[in-house]
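Peer 1: Sharing a structure below in structure tokens format, with a few things to ask.
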Amino acid sequence: MEDFNELPSGTPEPVKDRKDLVLMLFGLAFCLFLFAQISNLSQAAANMKWQANNLERQIEALTESETRFADLIKQREVNVQQSQQVQSQYTNLLADLLELSESDADAQAVVQKFNIQRQEAPPAAPSEKTP
């Protein structure tokens, strides 16, 4: 019976083979984990570059819009001045028409037809009293 219990000298022990296999599998798993982390970091770096490029384009678009907006404001100032002049001319014309309506029947008919009235001045804002 002693012959059967002895292992041949050239074959490794089964327990040692299992330990080596387990260590090899752990090493392989760790290598896969590191590879996944490195590829994840490279993808994150590519995303950051893309976001930085988009941010630069948005900043450029914003500054262009800001300059166009400033130019439009300057262009519209002329229109605002013209509209204020026209408004003051119409106000003067209607004030003259109201004055004329007191003595002229045709002016009185126009005032009544279009219900032209003087707008009362808005009441002054109440000032705060200091104690």
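Following the order of the structure tokens, chains are lettered A, B, ..., residues in each are numbered from 1, and ligands are numbered from 1.
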Using backbone DSSP assignments, extract all helix (DSSP H, G or I) residues from chain A; output them as a VMD selection string.
Peer 2: chain A and resid 2 to 5 14 to 101 105 to 114
Peer 1: Determine, counting only C-alpha atoms, which protein, DNA and RNA residues have an atom within 8 Å of an atom of stretch 87-100 of chain A; residues of the same chain fewer than 5 positions away are not included. Present the result as a list in words.
Peer 2: Ala107, Gln108, Val111, Ile116, Gln117 and Arg118 of chain A
